[in-house]
>>> print(open('input-v9.csv').read())   # CSV, C-alpha atoms
chain,number,residue,atom,x,y,z
A,37,ARG,CA,-12.3,7.9,-5.2
A,38,ALA,CA,-9.0,6.7,-6.5
A,39,THR,CA,-8.1,3.1,-5.9
A,40,VAL,CA,-5.3,0.7,-6.4
A,41,ALA,CA,-6.7,-2.6,-7.4
A,42,SER,CA,-4.8,-4.9,-5.1
A,43,PRO,CA,-1.8,-4.9,-2.7
A,44,SER,CA,0.3,-6.3,-5.6
A,45,SER,CA,-0.9,-4.1,-8.3
A,46,SER,CA,1.5,-4.0,-11.2
A,47,PHE,CA,4.5,-1.9,-11.6
A,48,GLY,CA,4.1,-2.3,-15.3
A,49,GLY,CA,4.8,-5.9,-16.2
A,50,ALA,CA,7.5,-7.0,-18.7
A,51,GLU,CA,8.5,-3.4,-19.6
A,52,ASN,CA,9.7,-3.0,-16.1
A,53,LEU,CA,12.4,-5.6,-16.7
A,54,ARG,CA,13.8,-3.0,-19.2
A,55,ALA,CA,13.6,-0.2,-16.7
A,56,SER,CA,16.9,1.1,-15.5
A,57,ARG,CA,18.0,0.8,-11.9
A,58,GLU,CA,17.9,4.7,-11.8
A,59,GLU,CA,14.3,4.7,-12.9
A,60,ILE,CA,13.3,2.2,-10.3
A,61,LEU,CA,15.1,4.1,-7.5
A,62,GLU,CA,13.5,7.3,-8.7
A,63,ARG,CA,10.0,5.7,-8.4
A,64,ILE,CA,10.8,4.5,-4.9
A,65,ALA,CA,12.0,8.0,-3.9
A,66,LYS,CA,8.9,9.6,-5.4
A,67,ALA,CA,6.7,7.1,-3.6
A,68,GLU,CA,8.4,8.0,-0.3
A,69,LYS,CA,7.9,11.7,-1.1
A,70,GLU,CA,4.2,11.1,-1.8
A,71,LYS,CA,3.9,9.3,1.5
A,72,THR,CA,5.5,12.2,3.4
A,73,GLU,CA,3.2,14.6,1.7
A,74,GLY,CA,0.2,12.4,2.6
A,75,ASN,CA,1.4,12.3,6.2
A,76,ALA,CA,1.6,16.1,6.3
A,77,TRP,CA,-1.9,16.5,4.9
A,78,PHE,CA,-3.2,13.9,7.4
A,79,GLY,CA,-1.7,15.9,10.2
A,80,LYS,CA,-3.7,18.9,9.0
A,81,ALA,CA,-6.9,16.8,9.0
A,82,ALA,CA,-7.0,17.2,5.1
A,83,TYR,CA,-7.9,13.5,4.6
A,84,ALA,CA,-8.9,13.7,0.9
A,85,GLN,CA,-5.5,15.3,0.0
A,86,ALA,CA,-3.7,12.8,2.2
A,87,SER,CA,-5.5,9.9,0.5
A,88,GLU,CA,-4.5,11.2,-2.9
A,89,HIS,CA,-0.9,11.2,-2.0
A,90,TYR,CA,-1.0,7.7,-0.5
A,91,THR,CA,-2.7,6.5,-3.7
A,92,MET,CA,0.0,8.1,-5.9
A,93,ALA,CA,2.7,6.4,-3.7
A,94,LEU,CA,1.0,3.1,-4.1
A,95,GLU,CA,0.9,3.5,-7.9
A,96,LEU,CA,4.6,4.4,-7.9
A,97,LEU,CA,6.0,1.8,-5.6
A,98,PRO,CA,7.2,-1.4,-7.3
A,99,LEU,CA,6.6,-4.9,-6.0
A,100,PRO,CA,9.3,-7.2,-7.3
A,101,ASP,CA,7.6,-10.5,-6.6
A,102,GLU,CA,5.3,-9.8,-9.5
A,103,VAL,CA,8.2,-10.6,-11.7
A,104,GLU,CA,9.7,-14.1,-11.1
A,105,LEU,CA,13.2,-13.7,-9.8
A,106,GLY,CA,14.5,-15.9,-12.5
A,107,GLU,CA,12.7,-14.2,-15.4
A,108,GLN,CA,15.0,-12.1,-17.5
A,109,SER,CA,14.6,-9.3,-19.9
A,110,GLU,CA,15.3,-10.2,-23.5
A,111,ALA,CA,16.8,-6.8,-23.9
A,112,ASP,CA,19.6,-7.0,-21.3
A,113,GLY,CA,19.2,-10.2,-19.3
A,114,SER,CA,18.3,-8.4,-16.1
A,115,SER,CA,15.4,-9.0,-13.8
A,116,LEU,CA,13.5,-6.3,-11.8
A,117,SER,CA,14.8,-7.6,-8.5
A,118,SER,CA,18.4,-7.5,-9.8
A,119,LEU,CA,17.9,-3.8,-10.4
A,120,LEU,CA,16.9,-3.0,-6.9
A,121,PRO,CA,19.6,-1.7,-4.5
A,122,PRO,CA,20.7,-4.2,-1.7
A,123,ASP,CA,18.8,-2.3,1.0
A,124,VAL,CA,15.5,-2.6,-0.9
A,125,ASP,CA,14.0,-6.1,-1.0
A,126,ASN,CA,10.6,-7.6,-1.5
A,127,ALA,CA,9.9,-7.6,2.2
A,128,LYS,CA,10.7,-3.9,2.5
A,129,LEU,CA,8.5,-3.0,-0.5
A,130,LYS,CA,5.6,-5.1,0.9
A,131,SER,CA,6.0,-3.4,4.3
A,132,GLN,CA,5.9,0.0,2.6
A,133,ARG,CA,2.8,-0.9,0.6
A,134,CYS,CA,1.1,-2.3,3.7
A,135,VAL,CA,1.6,1.0,5.6
A,136,LEU,CA,0.4,3.0,2.6
A,137,PHE,CA,-2.8,1.0,2.4
A,138,ALA,CA,-3.3,1.4,6.2
A,139,ASN,CA,-2.7,5.1,6.0
A,140,ARG,CA,-5.2,5.6,3.2
A,141,ALA,CA,-7.6,3.5,5.2
A,142,ALA,CA,-7.2,5.9,8.1
A,143,CYS,CA,-8.1,8.8,5.7
A,144,ARG,CA,-11.2,6.9,4.5
A,145,LEU,CA,-12.2,6.1,8.0
A,146,GLN,CA,-12.1,9.8,8.9
A,147,GLU,CA,-14.2,10.6,5.8
A,148,GLY,CA,-16.8,8.0,6.6
A,149,ASP,CA,-15.9,5.8,3.6
A,150,TYR,CA,-16.2,2.5,5.6
A,151,GLU,CA,-16.2,0.2,2.6
A,152,GLY,CA,-13.1,1.8,1.3
A,153,THR,CA,-11.5,1.6,4.7
A,154,ALA,CA,-12.3,-2.1,5.0
A,155,GLU,CA,-10.9,-2.7,1.5
A,156,ASP,CA,-7.7,-0.9,2.1
A,157,CYS,CA,-7.2,-2.7,5.5
A,158,SER,CA,-7.8,-6.0,3.8
A,159,ASN,CA,-5.1,-5.1,1.2
A,160,ALA,CA,-2.7,-4.1,4.0
A,161,LEU,CA,-3.4,-7.4,5.9
A,162,GLU,CA,-2.8,-9.4,2.7
A,163,LEU,CA,0.7,-8.0,2.7
A,164,ASP,CA,1.2,-8.3,6.5
A,165,GLY,CA,-1.3,-10.4,8.4
A,166,GLY,CA,0.0,-9.1,11.7
A,167,TYR,CA,-0.4,-5.4,11.1
A,168,VAL,CA,-2.5,-4.4,14.2
A,169,LYS,CA,-3.5,-0.9,13.0
A,170,ALA,CA,-5.1,-2.4,9.9
A,171,TYR,CA,-7.2,-4.8,12.1
A,172,VAL,CA,-8.3,-1.9,14.4
A,173,ARG,CA,-9.2,0.3,11.5
A,174,ARG,CA,-11.1,-2.4,9.7
A,175,ALA,CA,-12.9,-3.3,13.0
A,176,LYS,CA,-14.1,0.3,13.2
A,177,ALA,CA,-15.2,0.2,9.6
A,178,TYR,CA,-17.1,-3.1,10.1
A,179,GLU,CA,-18.8,-1.6,13.2
A,180,ALA,CA,-20.0,1.4,11.2
A,181,LEU,CA,-21.2,-1.0,8.5
A,182,GLU,CA,-23.0,-3.0,11.2
A,183,GLU,CA,-20.9,-6.1,10.4
A,184,TYR,CA,-20.4,-6.8,14.0
A,185,ASP,CA,-19.1,-10.4,13.7
A,186,GLN,CA,-16.4,-9.4,11.3
A,187,GLY,CA,-15.5,-6.4,13.5
A,188,LEU,CA,-15.3,-8.5,16.6
A,189,ALA,CA,-13.0,-11.0,14.8
A,190,ASP,CA,-10.7,-8.2,13.9
A,191,VAL,CA,-10.6,-6.9,17.4
A,192,ARG,CA,-9.7,-10.3,18.6
A,193,LYS,CA,-6.9,-10.5,16.0
A,194,ALA,CA,-5.6,-7.1,17.0
A,195,MET,CA,-5.4,-8.3,20.6
A,196,GLU,CA,-3.4,-11.5,19.8
>>> encode(input="input-v9.csv", output="structure tokens")
Amino acid sequence: RATVASPSSSFGGAENLRASREEILERIAKAEKEKTEGNAWFGKAAYAQASEHYTMALELLPLPDEVELGEQSEADGSSLSSLLPPDVDNAKLKSQRCVLFANRAACRLQEGDYEGTAEDCSNALELDGGYVKAYVRRAKAYEALEEYDQGLADVRKAME
């Protein structure tokens, strides 16, 4: 199974500071397209294909807080965050990544990959601790893994 290491997996480090605004916008657009494809496959109950598209979207989507806002490229003096359009900020990118992890978790839950489900839900919750769908999906995974105390804790969190 393909995984993305963490909710803040790298968009490529220092070389990203040299990426053009157009390249960043292109990656964001491609990530959105992959998410849409994943949603279409999910709707057809083709969970493995959907999961692949969500994984590709996660790999494409940048997370600007990996690069300190004040850090500048030696090449042109710009930071990654300064290359993003005004309507795309760190909070929006985190939200998009959160949804992608939760969507991939839904695929894994349907496929019976309960450990993968729990991992993806934990990644989603690291980005947005109030994302109810992630708590519910992780609770289901914990129940299947017979980790009842953790599942019950997630149910309680989802009900808050």
>>> closest_residue(input="input-v9.csv", among="A:Arg144, A:Arg63, A:Ala84, A:Arg174", to="Ala189 in chain A", atoms="only C-alpha atoms")
A:Arg174
>>> atom_distance(input="input-v9.csv", atom1="CA of Ala127 in chain A", atom2="CA of Gly79 in chain A")
27.4 Å
>>> closest_residue(input="input-v9.csv", among="A:Leu161, A:Leu97, A:Ala82, A:Ala67", to="Ala194 in chain A", atoms="only C-alpha atoms")
A:Leu161
>>> closest_residue(input="input-v9.csv", among="A:Ser158, A:Gln132, A:Asn75, A:Gln146", to="Leu96 in chain A", atoms="all atoms listed in the file")
A:Gln132
>>> closest_residue(input="input-v9.csv", among="A:Ile64, A:Ala86, A:Ala76, A:Ala160", to="Cys143 in chain A", atoms="only C-alpha atoms")
A:Ala86
